[in-house]
file run06.cif (mmCIF, C-alpha atoms)
data_target
loop_
_atom_site.group_PDB
_atom_site.id
_atom_site.type_symbol
_atom_site.label_atom_id
_atom_site.label_comp_id
_atom_site.auth_asym_id
_atom_site.auth_seq_id
_atom_site.Cartn_x
_atom_site.Cartn_y
_atom_site.Cartn_z
ATOM 1 C CA MET A 24 -90.031 24.759 -102.656
ATOM 2 C CA ASN A 25 -89.041 28.377 -102.067
ATOM 3 C CA THR A 26 -87.024 30.164 -104.586
ATOM 4 C CA PRO A 27 -84.127 32.356 -103.466
ATOM 5 C CA ARG A 28 -86.243 35.416 -103.992
ATOM 6 C CA GLN A 29 -88.964 34.089 -101.738
ATOM 7 C CA ALA A 30 -86.446 33.210 -98.989
ATOM 8 C CA ALA A 31 -85.013 36.719 -98.991
ATOM 9 C CA ARG A 32 -88.505 38.178 -98.723
ATOM 10 C CA GLN A 33 -89.261 36.042 -95.656
ATOM 11 C CA ARG A 34 -86.042 37.139 -93.925
ATOM 12 C CA ARG A 35 -86.918 40.795 -94.452
ATOM 13 C CA ARG A 36 -90.376 40.199 -92.969
ATOM 14 C CA ARG A 37 -88.970 38.528 -89.824
ATOM 15 C CA ARG A 38 -86.446 41.374 -89.336
ATOM 16 C CA THR A 39 -89.214 43.914 -89.612
ATOM 17 C CA LEU A 40 -91.371 42.044 -87.081
ATOM 18 C CA PHE A 41 -88.435 41.793 -84.618
ATOM 19 C CA MET A 42 -87.628 45.474 -84.859
ATOM 20 C CA GLY A 43 -91.267 46.363 -84.430
ATOM 21 C CA ALA A 44 -91.552 44.232 -81.318
ATOM 22 C CA THR A 45 -88.410 45.856 -79.871
ATOM 23 C CA VAL A 46 -89.732 49.356 -80.483
ATOM 24 C CA ALA A 47 -93.074 48.434 -78.987
ATOM 25 C CA LEU A 48 -91.454 47.007 -75.890
ATOM 26 C CA THR A 49 -89.307 50.098 -75.461
ATOM 27 C CA ALA A 50 -92.347 52.319 -75.783
ATOM 28 C CA VAL A 51 -94.194 50.352 -73.141
ATOM 29 C CA SER A 52 -91.223 50.657 -70.736
ATOM 30 C CA VAL A 53 -90.987 54.432 -71.195
ATOM 31 C CA LEU A 54 -94.697 54.794 -70.661
ATOM 32 C CA ALA A 55 -94.548 52.760 -67.431
ATOM 33 C CA TYR A 56 -91.627 54.839 -66.129
ATOM 34 C CA LEU A 57 -93.472 58.077 -66.802
ATOM 35 C CA LEU A 58 -96.549 56.780 -65.016
ATOM 36 C CA MET A 59 -94.494 55.842 -61.897
ATOM 37 C CA GLY A 60 -92.765 59.244 -61.782
ATOM 38 C CA SER A 61 -96.074 61.040 -61.693
ATOM 39 C CA SER A 62 -97.560 58.741 -58.962
ATOM 40 C CA PRO A 63 -98.415 60.318 -55.444
ATOM 41 C CA ASP A 64 -96.437 57.540 -53.694
ATOM 42 C CA HIS A 65 -93.115 58.894 -55.011
ATOM 43 C CA THR A 66 -92.350 60.913 -51.801
ATOM 44 C CA ALA A 67 -92.705 57.886 -49.520
ATOM 45 C CA ASP A 68 -90.443 55.832 -51.753
ATOM 46 C CA ALA A 69 -87.777 58.556 -51.555
ATOM 47 C CA GLY A 70 -87.621 58.335 -47.696
ATOM 48 C CA PRO A 71 -84.855 55.729 -47.371
ATOM 49 C CA ALA A 72 -82.762 57.543 -49.939
ATOM 50 C CA ALA A 73 -82.969 60.812 -47.934
ATOM 51 C CA ALA A 74 -82.089 59.050 -44.654
ATOM 52 C CA SER A 75 -78.887 57.502 -45.947
ATOM 53 C CA PRO A 76 -76.655 60.582 -45.296
ATOM 54 C CA ARG A 77 -77.823 60.610 -41.624
ATOM 55 C CA ALA A 78 -76.913 56.987 -41.215
ATOM 56 C CA THR A 79 -73.472 57.736 -42.652
ATOM 57 C CA ALA A 80 -72.978 60.601 -40.154
ATOM 58 C CA GLN A 81 -73.843 58.314 -37.228
ATOM 59 C CA LYS A 82 -71.323 55.780 -38.384
ATOM 60 C CA LYS A 83 -68.589 58.416 -38.555
ATOM 61 C CA ALA A 84 -69.385 59.592 -35.024
ATOM 62 C CA ALA A 85 -69.133 56.061 -33.727
ATOM 63 C CA THR A 86 -65.812 55.612 -35.485
ATOM 64 C CA ALA A 87 -64.447 58.812 -33.916
ATOM 65 C CA THR A 88 -65.513 57.684 -30.423
ATOM 66 C CA GLU A 89 -63.891 54.302 -30.904
ATOM 67 C CA SER A 90 -60.627 55.969 -31.894
ATOM 68 C CA GLY A 91 -60.479 57.825 -28.572
ATOM 69 C CA VAL A 92 -61.569 61.258 -29.868
ATOM 70 C CA PRO A 93 -64.764 62.354 -28.094
ATOM 71 C CA SER A 94 -67.707 63.039 -30.408
ATOM 72 C CA PRO A 95 -69.632 66.310 -30.021
ATOM 73 C CA THR A 96 -72.769 64.238 -29.523
ATOM 74 C CA ALA A 97 -71.169 61.679 -27.235
ATOM 75 C CA SER A 98 -72.702 61.037 -23.823
ATOM 76 C CA PRO A 99 -71.220 63.087 -20.907
ATOM 77 C CA SER A 100 -70.372 59.891 -19.117
ATOM 78 C CA GLY A 101 -67.922 59.042 -21.884
ATOM 79 C CA SER A 102 -66.057 62.359 -21.898
ATOM 80 C CA PRO A 103 -64.423 64.534 -19.218
ATOM 81 C CA SER A 104 -66.868 66.991 -17.679
ATOM 82 C CA PRO A 105 -65.671 70.509 -16.783
ATOM 83 C CA LYS A 106 -67.805 70.351 -13.644
ATOM 84 C CA ALA A 107 -66.158 67.238 -12.340
ATOM 85 C CA SER A 108 -65.072 67.443 -8.703
ATOM 86 C CA PRO A 109 -61.351 67.393 -7.771
ATOM 87 C CA ALA A 110 -61.831 63.893 -6.453
ATOM 88 C CA THR A 111 -62.534 62.641 -9.951
ATOM 89 C CA THR A 112 -59.773 64.642 -11.647
ATOM 90 C CA THR A 113 -56.997 64.271 -9.063
ATOM 91 C CA ALA A 114 -55.180 60.970 -9.016
ATOM 92 C CA LYS A 115 -55.050 59.264 -5.662
ATOM 93 C CA PRO A 116 -51.500 58.900 -4.343
ATOM 94 C CA SER A 117 -50.137 55.448 -4.023
ATOM 95 C CA PRO A 118 -49.251 54.084 -0.568
ATOM 96 C CA LYS A 119 -45.627 54.968 -1.273
ATOM 97 C CA ASP A 120 -46.540 58.595 -1.947
ATOM 98 C CA THR A 121 -48.840 58.974 1.067
ATOM 99 C CA PRO A 122 -46.985 60.717 3.901
ATOM 100 C CA ARG A 123 -47.120 58.717 7.078
ATOM 101 C CA PRO A 124 -47.167 60.368 10.489
ATOM 102 C CA PRO A 125 -43.888 59.990 12.330
ATOM 103 C CA ARG A 126 -43.834 57.094 14.731
ATOM 104 C CA GLU A 127 -42.256 59.215 17.423
ATOM 105 C CA THR A 128 -45.369 61.281 18.016
ATOM 106 C CA SER A 129 -45.454 63.210 21.256
ATOM 107 C CA THR A 130 -48.319 62.538 23.596
ATOM 108 C CA THR A 131 -50.485 65.398 24.821
ATOM 109 C CA PRO A 132 -48.263 67.432 27.148
ATOM 110 C CA PRO A 133 -49.401 68.043 30.718
ATOM 111 C CA SER A 134 -50.531 71.431 31.955
ATOM 112 C CA ALA A 135 -47.823 74.060 32.312
ATOM 113 C CA GLY A 136 -48.970 74.575 35.896
ATOM 114 C CA ARG A 137 -49.999 77.557 37.959
ATOM 115 C CA ILE A 138 -46.828 79.531 37.274
ATOM 116 C CA LYS A 139 -47.081 80.969 33.766
ATOM 117 C CA PRO A 140 -44.757 83.105 31.633
ATOM 118 C CA GLY A 141 -45.426 86.820 31.398
ATOM 119 C CA THR A 142 -47.383 86.898 34.656
ATOM 120 C CA THR A 143 -46.512 88.879 37.781
ATOM 121 C CA TYR A 144 -47.492 87.407 41.125
ATOM 122 C CA GLN A 145 -47.859 89.119 44.483
ATOM 123 C CA GLY A 146 -46.881 87.628 47.804
ATOM 124 C CA VAL A 147 -44.556 87.818 50.704
ATOM 125 C CA ALA A 148 -40.921 86.804 51.130
ATOM 126 C CA THR A 149 -39.615 85.005 54.162
ATOM 127 C CA ALA A 150 -36.202 83.459 54.865
ATOM 128 C CA TYR A 151 -34.804 80.042 55.834
ATOM 129 C CA LYS A 152 -31.431 78.433 56.268
ATOM 130 C CA ALA A 153 -30.861 76.685 52.924
ATOM 131 C CA GLY A 154 -27.756 74.729 53.932
ATOM 132 C CA VAL A 155 -26.148 73.485 50.677
ATOM 133 C CA GLY A 156 -29.135 74.598 48.633
ATOM 134 C CA ASP A 157 -30.741 71.171 48.273
ATOM 135 C CA GLY A 158 -34.410 70.547 48.999
ATOM 136 C CA ALA A 159 -37.581 68.725 47.981
ATOM 137 C CA CYS A 160 -36.630 68.966 44.278
ATOM 138 C CA LEU A 161 -33.679 66.638 45.032
ATOM 139 C CA PHE A 162 -31.275 68.491 42.723
ATOM 140 C CA GLY A 163 -28.452 68.074 45.232
ATOM 141 C CA PRO A 164 -26.060 70.794 46.405
ATOM 142 C CA SER A 165 -26.442 74.098 44.576
ATOM 143 C CA PRO A 166 -23.439 75.916 43.047
ATOM 144 C CA ASP A 167 -24.650 79.039 44.844
ATOM 145 C CA LEU A 168 -27.200 79.833 47.513
ATOM 146 C CA MET A 169 -29.467 82.032 45.396
ATOM 147 C CA VAL A 170 -32.213 79.473 45.926
ATOM 148 C CA ALA A 171 -35.743 79.468 47.313
ATOM 149 C CA ALA A 172 -38.638 77.258 48.412
ATOM 150 C CA MET A 173 -41.995 77.743 46.659
ATOM 151 C CA ASN A 174 -45.267 77.566 48.613
ATOM 152 C CA THR A 175 -47.064 74.218 48.288
ATOM 153 C CA THR A 176 -49.874 75.629 46.137
ATOM 154 C CA ASP A 177 -47.550 77.099 43.505
ATOM 155 C CA TYR A 178 -45.031 74.276 43.915
ATOM 156 C CA GLU A 179 -47.789 72.076 42.480
ATOM 157 C CA THR A 180 -46.311 68.608 42.776
ATOM 158 C CA SER A 181 -42.806 69.772 41.778
ATOM 159 C CA LYS A 182 -43.841 71.659 38.602
ATOM 160 C CA ALA A 183 -42.045 74.716 39.964
ATOM 161 C CA CYS A 184 -38.761 72.838 40.461
ATOM 162 C CA GLY A 185 -35.857 74.446 38.626
ATOM 163 C CA ALA A 186 -37.776 77.608 37.732
ATOM 164 C CA TYR A 187 -35.824 80.855 37.854
ATOM 165 C CA VAL A 188 -37.817 83.586 39.557
ATOM 166 C CA LEU A 189 -37.120 87.303 39.659
ATOM 167 C CA VAL A 190 -38.203 88.628 43.060
ATOM 168 C CA ARG A 191 -38.772 92.387 43.512
ATOM 169 C CA ALA A 192 -39.222 94.294 46.735
ATOM 170 C CA ALA A 193 -41.082 97.576 47.158
ATOM 171 C CA ASN A 194 -37.775 99.304 47.902
ATOM 172 C CA GLY A 195 -36.654 98.693 44.307
ATOM 173 C CA ARG A 196 -34.224 95.876 45.063
ATOM 174 C CA SER A 197 -34.444 92.543 43.262
ATOM 175 C CA VAL A 198 -32.845 89.119 43.186
ATOM 176 C CA THR A 199 -33.090 86.097 40.909
ATOM 177 C CA VAL A 200 -33.423 82.727 42.622
ATOM 178 C CA ARG A 201 -33.852 79.118 41.519
ATOM 179 C CA ILE A 202 -36.629 77.030 43.053
ATOM 180 C CA THR A 203 -35.085 73.974 44.687
ATOM 181 C CA ASN A 204 -37.430 73.364 47.616
ATOM 182 C CA GLU A 205 -41.032 73.372 48.804
ATOM 183 C CA CYS A 206 -42.387 75.625 51.513
ATOM 184 C CA PRO A 207 -45.174 73.708 53.301
ATOM 185 C CA LEU A 208 -48.103 75.220 55.157
ATOM 186 C CA PRO A 209 -48.533 77.748 56.622
ATOM 187 C CA CYS A 210 -46.793 79.211 53.509
ATOM 188 C CA ALA A 211 -49.600 80.894 51.551
ATOM 189 C CA PRO A 212 -50.093 81.081 47.778
ATOM 190 C CA GLY A 213 -47.704 83.655 46.335
ATOM 191 C CA GLN A 214 -45.252 83.278 49.208
ATOM 192 C CA ILE A 215 -41.604 82.450 48.529
ATOM 193 C CA ASP A 216 -39.245 81.332 51.259
ATOM 194 C CA LEU A 217 -35.853 82.701 50.241
ATOM 195 C CA SER A 218 -32.508 81.478 51.418
ATOM 196 C CA GLU A 219 -31.086 83.881 53.973
ATOM 197 C CA GLU A 220 -28.441 84.847 51.423
ATOM 198 C CA ALA A 221 -31.095 85.737 48.848
ATOM 199 C CA PHE A 222 -33.329 87.565 51.351
ATOM 200 C CA ALA A 223 -30.368 89.691 52.389
ATOM 201 C CA LYS A 224 -30.181 91.013 48.807
ATOM 202 C CA LEU A 225 -33.579 92.625 49.330
ATOM 203 C CA ALA A 226 -33.679 93.739 52.961
ATOM 204 C CA ASP A 227 -32.372 93.190 56.443
ATOM 205 C CA LEU A 228 -33.037 89.674 57.745
ATOM 206 C CA LYS A 229 -34.493 91.234 60.895
ATOM 207 C CA LEU A 230 -37.601 92.232 58.923
ATOM 208 C CA GLY A 231 -38.635 88.573 58.714
ATOM 209 C CA ARG A 232 -41.380 89.212 56.156
ATOM 210 C CA LEU A 233 -41.267 91.400 53.080
ATOM 211 C CA PRO A 234 -44.015 92.216 50.509
ATOM 212 C CA ILE A 235 -42.844 91.217 47.045
ATOM 213 C CA THR A 236 -43.834 90.637 43.437
ATOM 214 C CA TRP A 237 -42.246 87.879 41.376
ATOM 215 C CA SER A 238 -42.250 86.430 37.839
ATOM 216 C CA LEU A 239 -40.497 83.802 35.720
ATOM 217 C CA VAL A 240 -37.270 84.618 33.872
ATOM 218 C CA SER A 241 -34.923 82.796 31.480
ATOM 219 C CA PRO A 242 -31.383 83.627 32.639
ATOM 220 C CA SER A 243 -28.457 83.692 30.240
ATOM 221 C CA THR A 244 -25.902 82.320 32.713
ATOM 222 C CA VAL A 245 -26.984 78.694 32.494
ATOM 223 C CA GLY A 246 -24.979 75.780 31.118
ATOM 224 C CA THR A 247 -26.486 72.658 29.593
ATOM 225 C CA ILE A 248 -29.070 70.250 30.941
ATOM 226 C CA SER A 249 -28.057 67.104 32.798
ATOM 227 C CA ILE A 250 -30.005 63.863 33.293
ATOM 228 C CA ARG A 251 -29.998 61.646 36.364
ATOM 229 C CA TYR A 252 -31.543 58.228 36.950
ATOM 230 C CA LYS A 253 -32.721 57.743 40.511
ATOM 231 C CA THR A 254 -31.135 55.234 42.845
ATOM 232 C CA GLY A 255 -32.638 51.792 42.195
ATOM 233 C CA SER A 256 -33.304 52.443 38.491
ATOM 234 C CA SER A 257 -32.828 49.633 35.981
ATOM 235 C CA ARG A 258 -34.320 48.505 32.687
ATOM 236 C CA HIS A 259 -37.284 47.144 34.644
ATOM 237 C CA TRP A 260 -38.090 50.310 36.624
ATOM 238 C CA CYS A 261 -36.613 53.760 36.444
ATOM 239 C CA ALA A 262 -37.128 57.339 37.550
ATOM 240 C CA ILE A 263 -35.584 60.155 35.504
ATOM 241 C CA GLN A 264 -34.768 63.728 36.474
ATOM 242 C CA ALA A 265 -33.694 66.755 34.441
ATOM 243 C CA ILE A 266 -31.271 69.174 36.101
ATOM 244 C CA ASP A 267 -30.074 72.718 35.287
ATOM 245 C CA HIS A 268 -32.801 73.511 32.766
ATOM 246 C CA ARG A 269 -33.237 77.189 31.916
ATOM 247 C CA ASN A 270 -37.036 77.041 31.869
ATOM 248 C CA PRO A 271 -39.448 74.971 33.977
ATOM 249 C CA VAL A 272 -39.975 71.466 32.601
ATOM 250 C CA ARG A 273 -43.518 70.744 31.519
ATOM 251 C CA GLY A 274 -43.075 67.073 30.679
ATOM 252 C CA LEU A 275 -40.619 64.239 30.095
ATOM 253 C CA GLU A 276 -41.094 61.374 27.641
ATOM 254 C CA VAL A 277 -39.219 58.187 26.864
ATOM 255 C CA ARG A 278 -39.179 56.371 23.541
ATOM 256 C CA GLY A 279 -40.199 52.749 23.563
ATOM 257 C CA ALA A 280 -41.365 50.209 21.010
ATOM 258 C CA GLY A 281 -44.637 52.085 20.513
ATOM 259 C CA GLY A 282 -43.133 55.559 20.201
ATOM 260 C CA TRP A 283 -42.962 58.379 22.722
ATOM 261 C CA ARG A 284 -44.546 57.835 26.130
ATOM 262 C CA GLN A 285 -45.264 60.571 28.664
ATOM 263 C CA LEU A 286 -44.082 59.723 32.182
ATOM 264 C CA PRO A 287 -45.931 60.857 35.316
ATOM 265 C CA ARG A 288 -44.167 63.338 37.565
ATOM 266 C CA THR A 289 -43.738 62.762 41.285
ATOM 267 C CA ALA A 290 -43.671 65.230 44.192
ATOM 268 C CA TYR A 291 -39.938 64.553 44.543
ATOM 269 C CA ASN A 292 -39.292 65.800 40.971
ATOM 270 C CA TYR A 293 -38.646 62.549 39.105
ATOM 271 C CA PHE A 294 -40.533 61.125 36.133
ATOM 272 C CA VAL A 295 -41.263 57.431 36.666
ATOM 273 C CA SER A 296 -41.517 54.516 34.237
ATOM 274 C CA ALA A 297 -43.060 51.889 36.524
ATOM 275 C CA ASP A 298 -42.813 49.048 33.970
ATOM 276 C CA GLY A 299 -39.369 49.949 32.669
ATOM 277 C CA SER A 300 -40.619 51.075 29.266
ATOM 278 C CA GLY A 301 -38.049 53.362 27.666
ATOM 279 C CA CYS A 302 -35.519 53.074 30.474
ATOM 280 C CA GLY A 303 -32.083 53.573 28.941
ATOM 281 C CA GLY A 304 -33.531 54.853 25.661
ATOM 282 C CA ALA A 305 -34.006 58.298 24.158
ATOM 283 C CA ILE A 306 -35.494 61.006 26.370
ATOM 284 C CA ARG A 307 -37.502 64.019 25.249
ATOM 285 C CA ILE A 308 -37.969 67.034 27.530
ATOM 286 C CA THR A 309 -40.534 69.802 26.971
ATOM 287 C CA ASP A 310 -40.486 73.190 28.689
ATOM 288 C CA ILE A 311 -43.470 75.417 29.500
ATOM 289 C CA TYR A 312 -42.952 77.297 26.210
ATOM 290 C CA GLY A 313 -43.428 74.094 24.215
ATOM 291 C CA GLU A 314 -39.800 73.646 23.122
ATOM 292 C CA GLN A 315 -38.717 70.009 22.938
ATOM 293 C CA LEU A 316 -35.204 68.684 23.389
ATOM 294 C CA THR A 317 -34.214 65.089 22.662
ATOM 295 C CA VAL A 318 -31.389 63.354 24.492
ATOM 296 C CA SER A 319 -30.035 59.954 23.462
ATOM 297 C CA GLY A 320 -27.065 57.766 24.201
ATOM 298 C CA LEU A 321 -27.483 57.778 27.998
ATOM 299 C CA THR A 322 -27.460 54.461 29.797
ATOM 300 C CA VAL A 323 -29.195 53.676 33.066
ATOM 301 C CA ARG A 324 -26.631 54.726 35.666
ATOM 302 C CA PRO A 325 -28.390 55.209 39.006
ATOM 303 C CA ASN A 326 -27.623 58.413 40.924
ATOM 304 C CA VAL A 327 -25.093 59.628 38.334
ATOM 305 C CA VAL A 328 -25.425 63.101 36.818
ATOM 306 C CA GLN A 329 -24.971 62.707 33.053
ATOM 307 C CA PRO A 330 -24.430 65.972 31.153
ATOM 308 C CA THR A 331 -25.976 66.624 27.744
ATOM 309 C CA GLN A 332 -25.294 69.147 24.985
ATOM 310 C CA VAL A 333 -28.755 70.733 24.950
ATOM 311 C CA GLN A 334 -30.489 73.663 26.655
ATOM 312 C CA PHE A 335 -33.814 75.473 26.252
ATOM 313 C CA ALA A 336 -33.936 78.855 24.528
ATOM 314 C CA ARG A 337 -34.228 82.141 26.423
ATOM 315 C CA HIS A 338 -37.555 83.928 26.681
#

call {"tool": "encode", "arguments": {"input": "run06.cif", "output": "structure tokens"}}
result
Amino acid sequence: MNTPRQAARQRRRRRTLFMGATVALTAVSVLAYLLMGSSPDHTADAGPAAASPRATAQKKAATATESGVPSPTASPSGSPSPKASPATTTAKPSPKDTPRPPRETSTTPPSAGRIKPGTTYQGVATAYKAGVGDGACLFGPSPDLMVAAMNTTDYETSKACGAYVLVRAANGRSVTVRITNECPLPCAPGQIDLSEEAFAKLADLKLGRLPITWSLVSPSTVGTISIRYKTGSSRHWCAIQAIDHRNPVRGLEVRGAGGWRQLPRTAYNYFVSADGSGCGGAIRITDIYGEQLTVSGLTVRPNVVQPTQVQFARH
């Protein structure tokens, strides 16, 4: 049986052993740590630690791209390129913004014909009895007899009808006439058969033939254009004529369901719609200078001269 003194001695011994074991363990740990720090494998073990900042930078770049702000290292396909073509940078207009061509598009106009502006022609003048001034152009009686018949070649299937021509003689005299008729063979190209009244302005009728030069003019003393539907016209077939135009007419169109339609011209100076398309609708007239005049509101009234409010410009 231990005395109190012996018990106290045993407790001091156990405390000393415990503290000694603790110190020994600590010493062993320090020694192991020092051995690891001086090992050649230390650089390889430090690799992951050095790579961690790079991984953090990549994550930030991805976050910036996701927020809509392009990253400096982002792929070109994910950011606007300064070399992009206009097709990729310009927005395509919607169907509402796309301009549509007008439906009333003129067809290709016919040739202006042999008689052209700014050209002087040479020929010979003869004379005929013009009566009331009517002729192959079927304009009807003329308000004056300053009219003429154009040779068949230059008449050219009525393209010369209504043209105003300034005729000059070698003696210095001149006269302006309107073409209302055709002069058939043997009238030669360049020849104009003047009314006796017009020929008398240049020379004595006894001469019979007179060398001349002639050219187109646009007179100022002209009213407005009139339109006439030929006898027999209806909404099923019609022939249309323009009267009192300042400049020669190059073409006449009518507007139907499909837009403007060019009508063929006849030798008797009417434009024919054989199937009735456009009869009674809007009419568009084009002169040899390319000016276009549109006339609307005229009904099909056969053989009635219907005045308009339009006229071609002077040239």

call {"tool": "residues_around", "arguments": {"input": "run06.cif", "residues": "Lys152 in chain A", "least_positions_apart": "6", "cutoff": "9 Å", "atoms": "only C-alpha atoms", "output": "VMD selection string"}}
result
chain A and resid 217 to 220

call {"tool": "atom_distance", "arguments": {"input": "run06.cif", "atom1": "CA of Ser197 in chain A", "atom2": "CA of Leu230 in chain A"}}
result
16.0 Å

call {"tool": "resolve_selection", "arguments": {"input": "run06.cif", "expression": "the PyMOL selection byres ((chain A and resi 234-240) around 12)", "output": "JSON, numbers by chain"}}
result
{"A": [137, 138, 139, 140, 141, 142, 143, 144, 145, 146, 147, 148, 149, 173, 183, 185, 186, 187, 188, 189, 190, 191, 192, 193, 194, 195, 196, 197, 198, 199, 200, 201, 202, 213, 214, 215, 216, 217, 222, 225, 226, 230, 231, 232, 233, 241, 242, 243, 244, 245, 269, 270, 271, 311, 312, 336, 337, 338]}

call {"tool": "resolve_selection", "arguments": {"input": "run06.cif", "expression": "the PyMOL selection byres ((chain A and resi 169) around 6)", "output": "VMD selection string"}}
result
chain A and resid 167 to 168 170 200 221

call {"tool": "atom_distance", "arguments": {"input": "run06.cif", "atom1": "CA of Trp260 in chain A", "atom2": "CA of Gln332 in chain A"}}
result
25.6 Å

call {"tool": "closest_residue", "arguments": {"input": "run06.cif", "among": "A:Ile248, A:Cys302, A:Ala223, A:Cys206", "to": "Ala280 in chain A", "atoms": "only C-alpha atoms"}}
result
A:Cys302

call {"tool": "atom_distance", "arguments": {"input": "run06.cif", "atom1": "CA of Ser257 in chain A", "atom2": "CA of Asn204 in chain A"}}
result
26.8 Å

call {"tool": "closest_residue", "arguments": {"input": "run06.cif", "among": "A:Ser319, A:Thr309, A:Asn174, A:Gln264", "to": "Thr289 in chain A", "atoms": "only C-alpha atoms"}}
result
A:Gln264

call {"tool": "resolve_selection", "arguments": {"input": "run06.cif", "expression": "the PyMOL selection byres ((chain A and resi 160) around 7)", "output": "list in words"}}
result
Gly158, Ala159, Leu161, Phe162, Ser181, Cys184, Thr203, Asn204, Tyr291 and Asn292 of chain A

call {"tool": "axis_aligned_box", "arguments": {"input": "run06.cif", "around": "range 186-205 of chain A", "padding_each_side": "8 Å", "output": "AutoDock Vina command-line options"}}
result
--center_x -37.0 --center_y 86.3 --center_z 43.3 --size_x 24.2 --size_y 41.9 --size_z 27.1

call {"tool": "residues_around", "arguments": {"input": "run06.cif", "residues": "Pro207 in chain A", "least_positions_apart": "2", "cutoff": "9 Å", "atoms": "all atoms listed in the file", "output": "VMD selection string"}}
result
chain A and resid 172 to 176 205 209 to 211

call {"tool": "residues_around", "arguments": {"input": "run06.cif", "residues": "range 324-327 of chain A", "least_positions_apart": "2", "cutoff": "6 Å", "atoms": "all atoms listed in the file", "output": "list in words"}}
result
Arg251, Tyr252, Lys253, Thr254, Ser256 and Thr322 of chain A

call {"tool": "closest_residue", "arguments": {"input": "run06.cif", "among": "A:Lys182, A:Leu228, A:Ala171, A:Ile266", "to": "Gln329 in chain A", "atoms": "only C-alpha atoms"}}
result
A:Ile266

call {"tool": "build_atoms", "arguments": {"input": "run06.cif", "residues": "range 203-218 of chain A", "atoms": "N, CA and C atoms", "output": "PDB file, keeping the file's coordinate frame"}}
result
ATOM      1  N   THR A 203     -35.645  75.293  44.418  1.00  0.00           N
ATOM      2  CA  THR A 203     -35.085  73.974  44.687  1.00  0.00           C
ATOM      3  C   THR A 203     -35.808  73.251  45.819  1.00  0.00           C
ATOM      4  N   ASN A 204     -36.803  73.927  46.417  1.00  0.00           N
ATOM      5  CA  ASN A 204     -37.430  73.364  47.616  1.00  0.00           C
ATOM      6  C   ASN A 204     -38.904  73.742  47.666  1.00  0.00           C
ATOM      7  N   GLU A 205     -39.616  73.092  48.573  1.00  0.00           N
ATOM      8  CA  GLU A 205     -41.032  73.372  48.804  1.00  0.00           C
ATOM      9  C   GLU A 205     -41.207  73.988  50.180  1.00  0.00           C
ATOM     10  N   CYS A 206     -42.055  75.009  50.235  1.00  0.00           N
ATOM     11  CA  CYS A 206     -42.387  75.625  51.513  1.00  0.00           C
ATOM     12  C   CYS A 206     -43.770  75.156  51.929  1.00  0.00           C
ATOM     13  N   PRO A 207     -43.865  74.263  52.918  1.00  0.00           N
ATOM     14  CA  PRO A 207     -45.174  73.708  53.301  1.00  0.00           C
ATOM     15  C   PRO A 207     -46.015  74.736  54.075  1.00  0.00           C
ATOM     16  N   LEU A 208     -47.245  74.367  54.328  1.00  0.00           N
ATOM     17  CA  LEU A 208     -48.103  75.220  55.157  1.00  0.00           C
ATOM     18  C   LEU A 208     -47.412  75.518  56.489  1.00  0.00           C
ATOM     19  N   PRO A 209     -47.563  76.713  56.982  1.00  0.00           N
ATOM     20  CA  PRO A 209     -48.533  77.748  56.622  1.00  0.00           C
ATOM     21  C   PRO A 209     -48.098  78.695  55.500  1.00  0.00           C
ATOM     22  N   CYS A 210     -47.132  78.355  54.662  1.00  0.00           N
ATOM     23  CA  CYS A 210     -46.793  79.211  53.509  1.00  0.00           C
ATOM     24  C   CYS A 210     -48.038  79.360  52.635  1.00  0.00           C
ATOM     25  N   ALA A 211     -48.384  80.599  52.296  1.00  0.00           N
ATOM     26  CA  ALA A 211     -49.600  80.894  51.551  1.00  0.00           C
ATOM     27  C   ALA A 211     -49.294  80.995  50.060  1.00  0.00           C
ATOM     28  N   PRO A 212     -50.317  80.871  49.214  1.00  0.00           N
ATOM     29  CA  PRO A 212     -50.093  81.081  47.778  1.00  0.00           C
ATOM     30  C   PRO A 212     -49.453  82.438  47.520  1.00  0.00           C
ATOM     31  N   GLY A 213     -48.444  82.428  46.641  1.00  0.00           N
ATOM     32  CA  GLY A 213     -47.704  83.655  46.335  1.00  0.00           C
ATOM     33  C   GLY A 213     -46.489  83.856  47.217  1.00  0.00           C
ATOM     34  N   GLN A 214     -46.395  83.115  48.295  1.00  0.00           N
ATOM     35  CA  GLN A 214     -45.252  83.278  49.208  1.00  0.00           C
ATOM     36  C   GLN A 214     -44.039  82.500  48.724  1.00  0.00           C
ATOM     37  N   ILE A 215     -42.864  83.110  48.865  1.00  0.00           N
ATOM     38  CA  ILE A 215     -41.604  82.450  48.529  1.00  0.00           C
ATOM     39  C   ILE A 215     -40.683  82.540  49.745  1.00  0.00           C
ATOM     40  N   ASP A 216     -40.190  81.394  50.138  1.00  0.00           N
ATOM     41  CA  ASP A 216     -39.245  81.332  51.259  1.00  0.00           C
ATOM     42  C   ASP A 216     -37.834  81.364  50.681  1.00  0.00           C
ATOM     43  N   LEU A 217     -37.181  82.504  50.820  1.00  0.00           N
ATOM     44  CA  LEU A 217     -35.853  82.701  50.241  1.00  0.00           C
ATOM     45  C   LEU A 217     -34.769  82.184  51.175  1.00  0.00           C
ATOM     46  N   SER A 218     -33.676  81.762  50.594  1.00  0.00           N
ATOM     47  CA  SER A 218     -32.508  81.478  51.418  1.00  0.00           C
ATOM     48  C   SER A 218     -32.111  82.784  52.121  1.00  0.00           C
TER      49      SER A 218
END
